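One file, data15.txt, is given below (compact mmCIF, C-alpha atoms and all ligand atoms).
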```
# COMPACT_ATOMS: atom_id res chain seq x y z
CA MET A 1 85.06 119.19 13.09
CA GLY A 2 87.64 121.95 12.86
CA ASP A 3 89.54 122.62 9.71
CA GLU A 4 91.19 119.26 9.11
CA ARG A 5 91.78 118.88 5.40
CA VAL A 6 91.23 115.31 4.25
CA LEU A 7 89.01 113.23 1.99
CA ARG A 8 87.99 110.51 4.41
CA ILE A 9 86.19 107.33 3.38
CA GLU A 10 85.15 105.18 6.32
CA GLY A 11 83.51 101.77 6.23
CA LEU A 12 81.85 102.58 2.91
CA CYS A 13 79.33 99.95 1.82
CA ALA A 14 77.27 100.29 -1.35
CA ARG A 15 75.00 98.30 -3.60
CA VAL A 16 74.14 98.53 -7.28
CA GLY A 17 70.77 97.02 -8.08
CA GLU A 18 70.61 93.75 -6.16
CA ALA A 19 74.34 93.39 -5.70
CA GLU A 20 76.31 94.58 -2.69
CA ILE A 21 79.60 95.68 -4.28
CA LEU A 22 81.48 97.66 -1.63
CA HIS A 23 81.86 95.94 1.74
CA GLY A 24 83.51 98.55 3.93
CA VAL A 25 86.12 100.65 2.15
CA ASP A 26 88.48 102.73 4.28
CA LEU A 27 90.74 105.32 2.65
CA GLU A 28 92.12 108.74 3.53
CA VAL A 29 93.57 111.20 1.04
CA ARG A 30 95.19 114.40 2.25
CA PRO A 31 96.12 117.45 0.18
CA GLY A 32 99.16 116.81 -1.99
CA GLU A 33 99.01 113.04 -1.49
CA VAL A 34 98.63 110.45 -4.22
CA HIS A 35 96.84 107.20 -3.38
CA ALA A 36 96.74 104.52 -6.02
CA VAL A 37 93.91 101.99 -6.02
CA MET A 38 94.59 98.81 -7.96
CA GLY A 39 92.50 95.69 -8.14
CA PRO A 40 91.23 92.91 -10.40
CA ASN A 41 88.46 93.57 -12.93
CA GLY A 42 85.09 93.74 -11.25
CA SER A 43 86.49 94.39 -7.77
CA GLY A 44 84.50 97.59 -7.30
CA LYS A 45 86.95 100.33 -8.30
CA SER A 46 84.60 102.20 -10.64
CA THR A 47 81.75 101.59 -8.22
CA LEU A 48 83.78 103.39 -5.57
CA SER A 49 84.34 106.35 -7.89
CA HIS A 50 80.64 106.54 -8.79
CA VAL A 51 79.55 106.31 -5.16
CA LEU A 52 81.94 109.12 -4.23
CA MET A 53 80.51 111.37 -6.95
CA GLY A 54 76.87 110.34 -6.33
CA ARG A 55 75.91 108.55 -9.51
CA PRO A 56 72.21 107.62 -9.49
CA GLY A 57 71.54 103.91 -9.02
CA TYR A 58 74.33 103.43 -6.47
CA GLU A 59 72.92 103.07 -2.99
CA VAL A 60 75.11 103.67 0.03
CA THR A 61 74.26 101.08 2.69
CA GLY A 62 76.84 102.03 5.30
CA GLY A 63 79.81 104.17 6.21
CA SER A 64 80.65 107.78 5.56
CA VAL A 65 82.59 110.08 3.25
CA THR A 66 83.72 113.54 4.31
CA LEU A 67 85.64 116.15 2.34
CA ASP A 68 87.40 118.65 4.58
CA GLY A 69 84.73 117.91 7.17
CA VAL A 70 81.77 118.20 4.77
CA ASP A 71 79.40 115.21 4.65
CA LEU A 72 79.70 114.41 0.97
CA LEU A 73 77.05 111.69 0.88
CA ALA A 74 74.36 114.18 1.89
CA LEU A 75 74.98 116.31 -1.20
CA PRO A 76 73.82 116.03 -4.82
CA THR A 77 76.59 115.52 -7.39
CA TRP A 78 76.96 119.17 -8.39
CA GLN A 79 77.43 120.23 -4.80
CA ARG A 80 80.05 117.52 -4.29
CA ALA A 81 81.92 119.07 -7.20
CA ARG A 82 81.51 122.50 -5.68
CA ALA A 83 82.76 121.19 -2.34
CA GLY A 84 86.00 120.30 -4.15
CA LEU A 85 85.69 116.83 -5.69
CA PHE A 86 86.63 116.03 -9.27
CA LEU A 87 85.97 112.73 -11.02
CA ALA A 88 87.65 111.65 -14.24
CA LEU A 89 85.40 108.91 -15.60
CA GLN A 90 86.74 105.59 -16.87
CA HIS A 91 84.44 106.05 -19.86
CA PRO A 92 84.06 109.82 -20.40
CA THR A 93 80.61 110.89 -21.53
CA GLU A 94 80.06 112.20 -25.06
CA VAL A 95 77.97 115.38 -25.08
CA PRO A 96 76.93 116.43 -28.59
CA GLY A 97 76.43 120.15 -29.08
CA VAL A 98 78.35 121.23 -25.97
CA SER A 99 82.02 122.17 -26.17
CA LEU A 100 84.64 121.44 -23.54
CA GLU A 101 85.04 125.17 -23.21
CA SER A 102 81.37 125.76 -22.35
CA VAL A 103 81.42 122.91 -19.84
CA VAL A 104 84.41 124.38 -18.02
CA ALA A 105 83.00 127.93 -18.23
CA GLU A 106 79.71 126.78 -16.71
CA ALA A 107 81.41 124.68 -14.02
CA THR A 108 83.58 127.66 -13.11
CA ARG A 109 80.53 129.92 -12.90
CA GLN A 110 78.66 127.38 -10.77
CA SER A 111 81.50 126.99 -8.32
CA GLY A 112 81.06 130.67 -7.64
CA GLU A 113 84.70 131.24 -6.79
CA GLU A 114 85.12 134.05 -9.25
CA PRO A 115 81.70 135.27 -10.32
CA GLY A 116 83.32 137.88 -12.56
CA GLU A 117 85.37 135.35 -14.47
CA SER A 118 84.70 135.84 -18.16
CA THR A 119 84.61 133.13 -20.78
CA HIS A 120 87.76 134.79 -22.11
CA ASP A 121 89.70 133.84 -19.01
CA VAL A 122 88.41 130.27 -19.24
CA HIS A 123 89.60 130.13 -22.84
CA ASP A 124 93.06 131.31 -21.85
CA VAL A 125 93.26 128.83 -19.00
CA LEU A 126 92.25 125.98 -21.32
CA VAL A 127 94.73 126.97 -24.01
CA ARG A 128 97.46 127.00 -21.37
CA GLU A 129 96.31 123.63 -19.99
CA ALA A 130 96.22 122.15 -23.50
CA SER A 131 99.78 123.19 -24.18
CA ARG A 132 100.91 121.79 -20.83
CA ILE A 133 99.83 118.31 -21.93
CA GLY A 134 100.64 118.73 -25.61
CA PHE A 135 96.99 118.67 -26.67
CA ASP A 136 95.79 120.44 -29.79
CA LYS A 137 93.65 123.45 -28.82
CA ARG A 138 91.21 122.80 -31.65
CA PHE A 139 89.68 120.15 -29.35
CA LEU A 140 88.50 122.92 -27.03
CA ALA A 141 85.76 123.99 -29.43
CA ARG A 142 84.71 120.49 -30.48
CA PRO A 143 81.60 118.90 -28.96
CA LEU A 144 82.71 117.30 -25.68
CA ASN A 145 84.31 113.90 -26.32
CA VAL A 146 82.25 113.28 -29.46
CA ASP A 147 84.10 111.00 -31.87
CA LEU A 148 87.32 111.35 -29.90
CA SER A 149 89.68 108.43 -29.42
CA GLY A 150 89.98 106.92 -25.93
CA GLY A 151 93.26 108.73 -25.33
CA GLU A 152 91.88 112.08 -26.50
CA LYS A 153 88.98 111.71 -24.08
CA LYS A 154 91.43 111.09 -21.24
CA ARG A 155 93.31 114.24 -22.18
CA ASN A 156 90.01 116.14 -22.12
CA GLU A 157 89.47 114.88 -18.58
CA THR A 158 92.97 116.04 -17.67
CA LEU A 159 92.30 119.50 -19.15
CA MET A 160 89.18 119.81 -16.99
CA LEU A 161 91.11 118.65 -13.94
CA GLY A 162 93.75 121.32 -14.53
CA ALA A 163 91.29 124.09 -15.35
CA LEU A 164 88.79 123.52 -12.54
CA GLY A 165 91.28 123.45 -9.68
CA ARG A 166 89.31 121.19 -7.33
CA SER A 167 90.89 119.99 -4.06
CA TYR A 168 90.62 116.23 -4.58
CA ALA A 169 90.52 114.18 -7.76
CA VAL A 170 89.35 110.63 -8.31
CA LEU A 171 90.89 109.39 -11.55
CA ASP A 172 89.32 106.19 -12.87
CA GLU A 173 91.87 104.65 -15.23
CA ILE A 174 92.95 108.01 -16.63
CA ASP A 175 95.91 106.18 -18.18
CA SER A 176 93.85 103.77 -20.28
CA GLY A 177 94.00 104.52 -23.99
CA LEU A 178 96.89 106.99 -23.73
CA ASP A 179 99.96 106.50 -25.90
CA VAL A 180 103.36 106.61 -24.21
CA ASP A 181 103.95 110.34 -24.78
CA ALA A 182 100.43 111.34 -23.74
CA LEU A 183 100.70 109.16 -20.64
CA ALA A 184 103.93 110.90 -19.63
CA ALA A 185 102.37 114.35 -20.20
CA VAL A 186 99.16 113.52 -18.34
CA SER A 187 100.90 111.98 -15.34
CA ARG A 188 103.31 114.92 -15.19
CA ARG A 189 100.37 117.38 -15.19
CA ILE A 190 98.67 115.53 -12.35
CA GLN A 191 101.89 115.31 -10.36
CA GLU A 192 102.37 119.07 -10.81
CA ALA A 193 98.83 119.70 -9.52
CA THR A 194 99.71 117.78 -6.35
CA ASP A 195 102.97 119.70 -5.90
CA GLU A 196 101.79 123.18 -6.92
CA ASP A 197 98.17 123.25 -5.80
CA GLY A 198 98.10 120.55 -3.13
CA LEU A 199 95.66 118.41 -5.12
CA GLY A 200 94.85 115.15 -3.32
CA VAL A 201 94.63 112.25 -5.78
CA LEU A 202 92.93 108.88 -5.68
CA ALA A 203 94.19 107.20 -8.86
CA ILE A 204 92.58 103.97 -9.98
CA THR A 205 94.91 102.15 -12.34
CA HIS A 206 96.07 98.76 -13.58
CA PHE A 207 99.54 99.88 -14.52
CA SER A 208 102.59 100.93 -12.54
CA ARG A 209 103.67 103.03 -15.53
CA LEU A 210 101.27 105.84 -14.49
CA LEU A 211 102.94 105.71 -11.11
CA ASP A 212 106.45 106.17 -12.48
CA VAL A 213 105.76 109.90 -12.81
CA LEU A 214 102.75 110.26 -10.53
CA GLU A 215 104.44 109.14 -7.33
CA PRO A 216 102.03 107.35 -5.02
CA ASP A 217 102.32 107.80 -1.27
CA ARG A 218 100.31 104.59 -0.78
CA VAL A 219 99.09 101.79 -3.01
CA HIS A 220 95.82 100.13 -2.00
CA VAL A 221 94.58 96.84 -3.36
CA LEU A 222 90.80 96.66 -3.71
CA ALA A 223 89.33 93.20 -4.11
CA ALA A 224 85.90 91.84 -3.37
CA GLY A 225 84.72 95.31 -2.38
CA ARG A 226 87.31 95.96 0.33
CA ILE A 227 90.86 97.27 0.64
CA GLN A 228 92.76 94.02 1.16
CA ALA A 229 96.36 95.24 1.18
CA VAL A 230 98.21 98.55 1.47
CA GLY A 231 101.82 99.30 0.68
CA GLY A 232 104.27 101.71 -0.87
CA PRO A 233 105.09 102.14 -4.57
CA GLU A 234 106.88 98.79 -4.60
CA LEU A 235 103.49 97.09 -4.18
CA ALA A 236 102.39 98.40 -7.60
CA GLU A 237 105.54 96.99 -9.20
CA ARG A 238 104.99 93.65 -7.52
CA LEU A 239 101.36 93.47 -8.66
CA GLU A 240 102.33 94.24 -12.23
CA ALA A 241 105.03 91.58 -12.18
CA GLU A 242 103.18 88.85 -10.28
CA GLY A 243 99.46 89.55 -10.62
CA TYR A 244 97.00 89.78 -7.75
CA ALA A 245 96.76 86.18 -6.54
CA GLY A 246 99.90 86.14 -4.36
CA VAL A 247 99.34 89.50 -2.70
CA LEU A 248 95.69 88.71 -2.02
CA ALA A 249 96.46 85.24 -0.67
CA GLU A 250 98.92 86.81 1.78
CA ALA A 251 96.19 89.23 2.82
CA GLY A 252 93.80 86.30 3.32
CA ALA A 253 91.53 87.37 0.46
CA SER A 254 90.73 85.78 -2.86
CA VAL A 255 90.36 87.30 -6.31
CA GLY A 256 86.72 86.22 -6.32
CA LEU A 257 83.81 88.46 -7.18
CA PRO A 258 81.70 90.14 -4.54
CA ALA A 259 78.76 88.10 -3.32
CA GLY A 260 75.67 88.52 -5.47
CA VAL A 261 77.52 89.61 -8.60
CA THR A 262 76.52 87.52 -11.54
CA HIS A 263 77.86 89.32 -14.56
CA PRO A 264 81.45 90.46 -14.15
CA GLY A 265 83.27 92.70 -16.55
CA ASP A 266 80.97 95.57 -17.29
CA ASP A 267 80.62 98.92 -15.66
CA GLY A 268 76.93 99.07 -15.06
CA HIS A 269 75.97 100.58 -18.41
CA ASP A 270 73.08 98.17 -18.67
CA ALA A 271 71.70 99.10 -15.32
CA GLY A 272 68.66 101.02 -16.52
CA PHE A 273 69.14 103.78 -13.99
CA GLY A 274 66.71 106.15 -15.65
CA GLU A 275 67.66 109.81 -15.27
CA ASP A 276 71.46 109.51 -15.15
CA PRO A 277 73.66 112.55 -15.82
CA PHE A 278 76.69 110.28 -16.24
CA ALA A 279 75.10 108.25 -19.01
CA ASP A 280 76.06 108.53 -22.65
CA PRO A 281 73.11 110.41 -24.23
CA LEU A 282 73.64 108.58 -27.52
CA ALA A 283 73.68 105.11 -26.03
N1 LIG B 1 74.00 97.52 -12.31
C1 LIG B 1 74.71 96.51 -11.85
N2 LIG B 1 74.09 95.42 -11.36
C2 LIG B 1 74.79 94.38 -10.88
N3 LIG B 1 76.13 94.34 -10.84
C3 LIG B 1 76.80 95.42 -11.30
C4 LIG B 1 76.14 96.55 -11.83
N4 LIG B 1 77.06 97.47 -12.19
C5 LIG B 1 78.26 96.92 -11.92
N5 LIG B 1 78.09 95.69 -11.39
C6 LIG B 1 79.13 94.75 -11.01
O1 LIG B 1 79.87 95.29 -9.92
C7 LIG B 1 81.18 94.78 -9.95
C8 LIG B 1 82.13 95.93 -9.78
O2 LIG B 1 82.14 96.70 -10.97
P1 LIG B 1 83.17 97.89 -11.17
O3 LIG B 1 83.10 98.77 -9.97
O4 LIG B 1 82.90 98.50 -12.50
O5 LIG B 1 84.57 97.12 -11.18
P2 LIG B 1 86.02 97.59 -11.59
O6 LIG B 1 85.95 99.05 -11.93
O7 LIG B 1 86.85 97.30 -10.38
O8 LIG B 1 86.44 96.75 -12.75
C9 LIG B 1 81.34 94.07 -11.30
O9 LIG B 1 81.31 92.69 -11.05
C10 LIG B 1 80.16 94.55 -12.10
O10 LIG B 1 79.72 93.58 -13.01
MG MG B 2 86.38 100.16 -13.61
```

Starting from the file, give its structure as structure tokens.
Amino acid sequence: MGDERVLRIEGLCARVGEAEILHGVDLEVRPGEVHAVMGPNGSGKSTLSHVLMGRPGYEVTGGSVTLDGVDLLALPTWQRARAGLFLALQHPTEVPGVSLESVVAEATRQSGEEPGESTHDVHDVLVREASRIGFDKRFLARPLNVDLSGGEKKRNETLMLGALGRSYAVLDEIDSGLDVDALAAVSRRIQEATDEDGLGVLAITHFSRLLDVLEPDRVHVLAAGRIQAVGGPELAERLEAEGYAGVLAEAGASVGLPAGVTHPGDDGHDAGFGEDPFADPLA
């Protein structure tokens, strides 16, 4: 398929357990672009992020996802990461006994870009990344996300994003839990990654404030498992001011839940997926 560089999601349908959550999602993110995805609670935003990264328990029932021509859905999660995809989780996993620094060192080794890269280099990169977002470097040696506040976890995710240098990033509510200063620093760091490194971003958010610094090329409204409306940055402002009902009514959609969903509001933590690398090991 040549060397076209794009993260392309076409007609993506997926189910979790008995419920069909995604009903044909179409989205294209090119290098350097920022695409915001907004949508009511329970509309399938986190489901989309999990399906893209290959979380167990999420079954793709139709459509395709390619990253720079690579069939992402055919790959296990770690190979999706290696192909260039980064996911910042809405609820970052706590990993007792493993530091952020070892996670990034191992991920760097696994991606095989620089086999000679020493843990020293990783440390330097992380210290630099921490200072770029005004994060205390003592967090680097702490067990990953353990006993951190919501906002500190989101800054950990941002550190990993900066240090790993993937091509495309899916950010699931990276702004939630951040105070005003941290939000400004985090959005600035992500914007710089798009400008300097050509990072393509799919940013799931509820708030236009993230998008004041992180300038979206397009804003997509996901509801009932489908993109129902697309617009420019002004759409995010309108949604924040007016809510979803008006925009969705114009698009001929309702705010209703996807068919088959009986318990809105959670993120599938009760799903009993068995062996799940995304799960909180203490839960
Ligand atoms: N394991 C599951 N079984 C059934 N429904 C689920 C499961 N996990 C999530 N859902 C439902 O899927 C819908 C979409 O969830 P999610 O993608 O987390 O929404 P969002 O991130 O947009 O708030 C929600 O209604 C949620 O309750
Ligand atoms: Mg969510």

What are the closest atom pairs, with distances in Å to one decimal, for all residues of chain A lying within 9 Å of ligand MG 2 (chain B)? Consider only C-alpha atoms and all ligand atoms, order rows by chain and residue number, and present the result as JSON lines.
```
{"residue": "A:Asn41", "atom": "CA", "partner": "B:MG2", "partner_atom": "MG", "distance": 6.9}
{"residue": "A:Gly42", "atom": "CA", "partner": "B:MG2", "partner_atom": "MG", "distance": 7.0}
{"residue": "A:Ser43", "atom": "CA", "partner": "B:MG2", "partner_atom": "MG", "distance": 8.2}
{"residue": "A:Gly44", "atom": "CA", "partner": "B:MG2", "partner_atom": "MG", "distance": 7.1}
{"residue": "A:Lys45", "atom": "CA", "partner": "B:MG2", "partner_atom": "MG", "distance": 5.3}
{"residue": "A:Ser46", "atom": "CA", "partner": "B:MG2", "partner_atom": "MG", "distance": 4.0}
{"residue": "A:Thr47", "atom": "CA", "partner": "B:MG2", "partner_atom": "MG", "distance": 7.2}
{"residue": "A:Ser49", "atom": "CA", "partner": "B:MG2", "partner_atom": "MG", "distance": 8.7}
{"residue": "A:Gln90", "atom": "CA", "partner": "B:MG2", "partner_atom": "MG", "distance": 6.3}
{"residue": "A:His91", "atom": "CA", "partner": "B:MG2", "partner_atom": "MG", "distance": 8.8}
{"residue": "A:Asp172", "atom": "CA", "partner": "B:MG2", "partner_atom": "MG", "distance": 6.7}
{"residue": "A:Glu173", "atom": "CA", "partner": "B:MG2", "partner_atom": "MG", "distance": 7.3}
{"residue": "A:Ile204", "atom": "CA", "partner": "B:MG2", "partner_atom": "MG", "distance": 8.1}
{"residue": "A:Thr205", "atom": "CA", "partner": "B:MG2", "partner_atom": "MG", "distance": 8.9}
{"residue": "A:Gly265", "atom": "CA", "partner": "B:MG2", "partner_atom": "MG", "distance": 8.6}
{"residue": "A:Asp266", "atom": "CA", "partner": "B:MG2", "partner_atom": "MG", "distance": 8.0}
{"residue": "A:Asp267", "atom": "CA", "partner": "B:MG2", "partner_atom": "MG", "distance": 6.2}
```

List as a PDB file with C-alpha atoms, in the frame of the given file the protein and nucleic acid residues near A:Gly63, meaning an atom at most 8 Å away when all atoms listed in the file are counted, but skip any in the same chain fewer than 6 places from it.
```pdb
ATOM      1  CA  ILE A   9      86.190 107.330   3.380  1.00  0.00           C
ATOM      2  CA  GLU A  10      85.150 105.180   6.320  1.00  0.00           C
ATOM      3  CA  GLY A  11      83.510 101.770   6.230  1.00  0.00           C
ATOM      4  CA  LEU A  12      81.850 102.580   2.910  1.00  0.00           C
ATOM      5  CA  CYS A  13      79.330  99.950   1.820  1.00  0.00           C
ATOM      6  CA  GLY A  24      83.510  98.550   3.930  1.00  0.00           C
TER       7      GLY A  24
END
```

Give me the residues near A:Ala253 as JSON, numbers by chain, where near means some atom within 10 Å (using only C-alpha atoms) and where sequence neighbours in that chain fewer than 2 positions away do not count. {"A": [223, 224, 226, 227, 228, 229, 245, 246, 247, 248, 249, 250, 251, 255, 256]}

Could you state the separation of atom CA of A:Ser99 and atom CA of A:Arg128 in Å, given to one decimal place?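 According to the coordinates, atom CA of A:Ser99 and atom CA of A:Arg128 are separated by 16.9 Å.
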
Quick one: of A:Thr108, A:Thr77, A:Ser149, A:Ser131, who's nearest to A:Glu94, counting only C-alpha atoms?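 Smallest distance to A:Glu94 is found for A:Ser149.
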
My list of candidates is A:Glu101, A:Asp147, A:Asp197, A:Trp78. Which is closest to A:Asp121 when distances are computed with all atoms listed in the file?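 Comparing A:Glu101, A:Asp147, A:Asp197, A:Trp78 against A:Asp121, the winner is A:Glu101.
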
Atom CA of A:Arg142 to atom CA of A:Met53, straight-line distance in Å: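 Those two atoms sit 25.6 Å apart.
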
Calculated over all atoms listed in the file, which of the candidates A:Leu164, A:Asp179, A:Ala193, A:Ala203 has the smallest distance to ligand LIG 1 (chain B)? A:Ala203

Using all atoms listed in the file, which residue out of A:Ala241, A:Ala36, A:Val201, A:Val16 lies closest to A:Ala169?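 That would be A:Val201, the residue with the smallest distance to A:Ala169.
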
Atom pair atom CA of A:Leu89 / atom CA of A:Leu161: separation (Å): 11.4 Å

Write out as an mmCIF file with C-alpha atoms, in the frame of the given file which residues come within 9 Å of A:Leu235 when counting all atoms listed in the file, dropping same-chain ones fewer than 5 positions away.
```cif
data_model
loop_
_atom_site.group_PDB
_atom_site.id
_atom_site.type_symbol
_atom_site.label_atom_id
_atom_site.label_comp_id
_atom_site.auth_asym_id
_atom_site.auth_seq_id
_atom_site.Cartn_x
_atom_site.Cartn_y
_atom_site.Cartn_z
ATOM 1 C CA ARG A 218 100.310 104.590 -0.780
ATOM 2 C CA VAL A 219 99.090 101.790 -3.010
ATOM 3 C CA HIS A 220 95.820 100.130 -2.000
ATOM 4 C CA VAL A 221 94.580 96.840 -3.360
ATOM 5 C CA VAL A 230 98.210 98.550 1.470
ATOM 6 C CA GLU A 240 102.330 94.240 -12.230
ATOM 7 C CA VAL A 247 99.340 89.500 -2.700
#
```
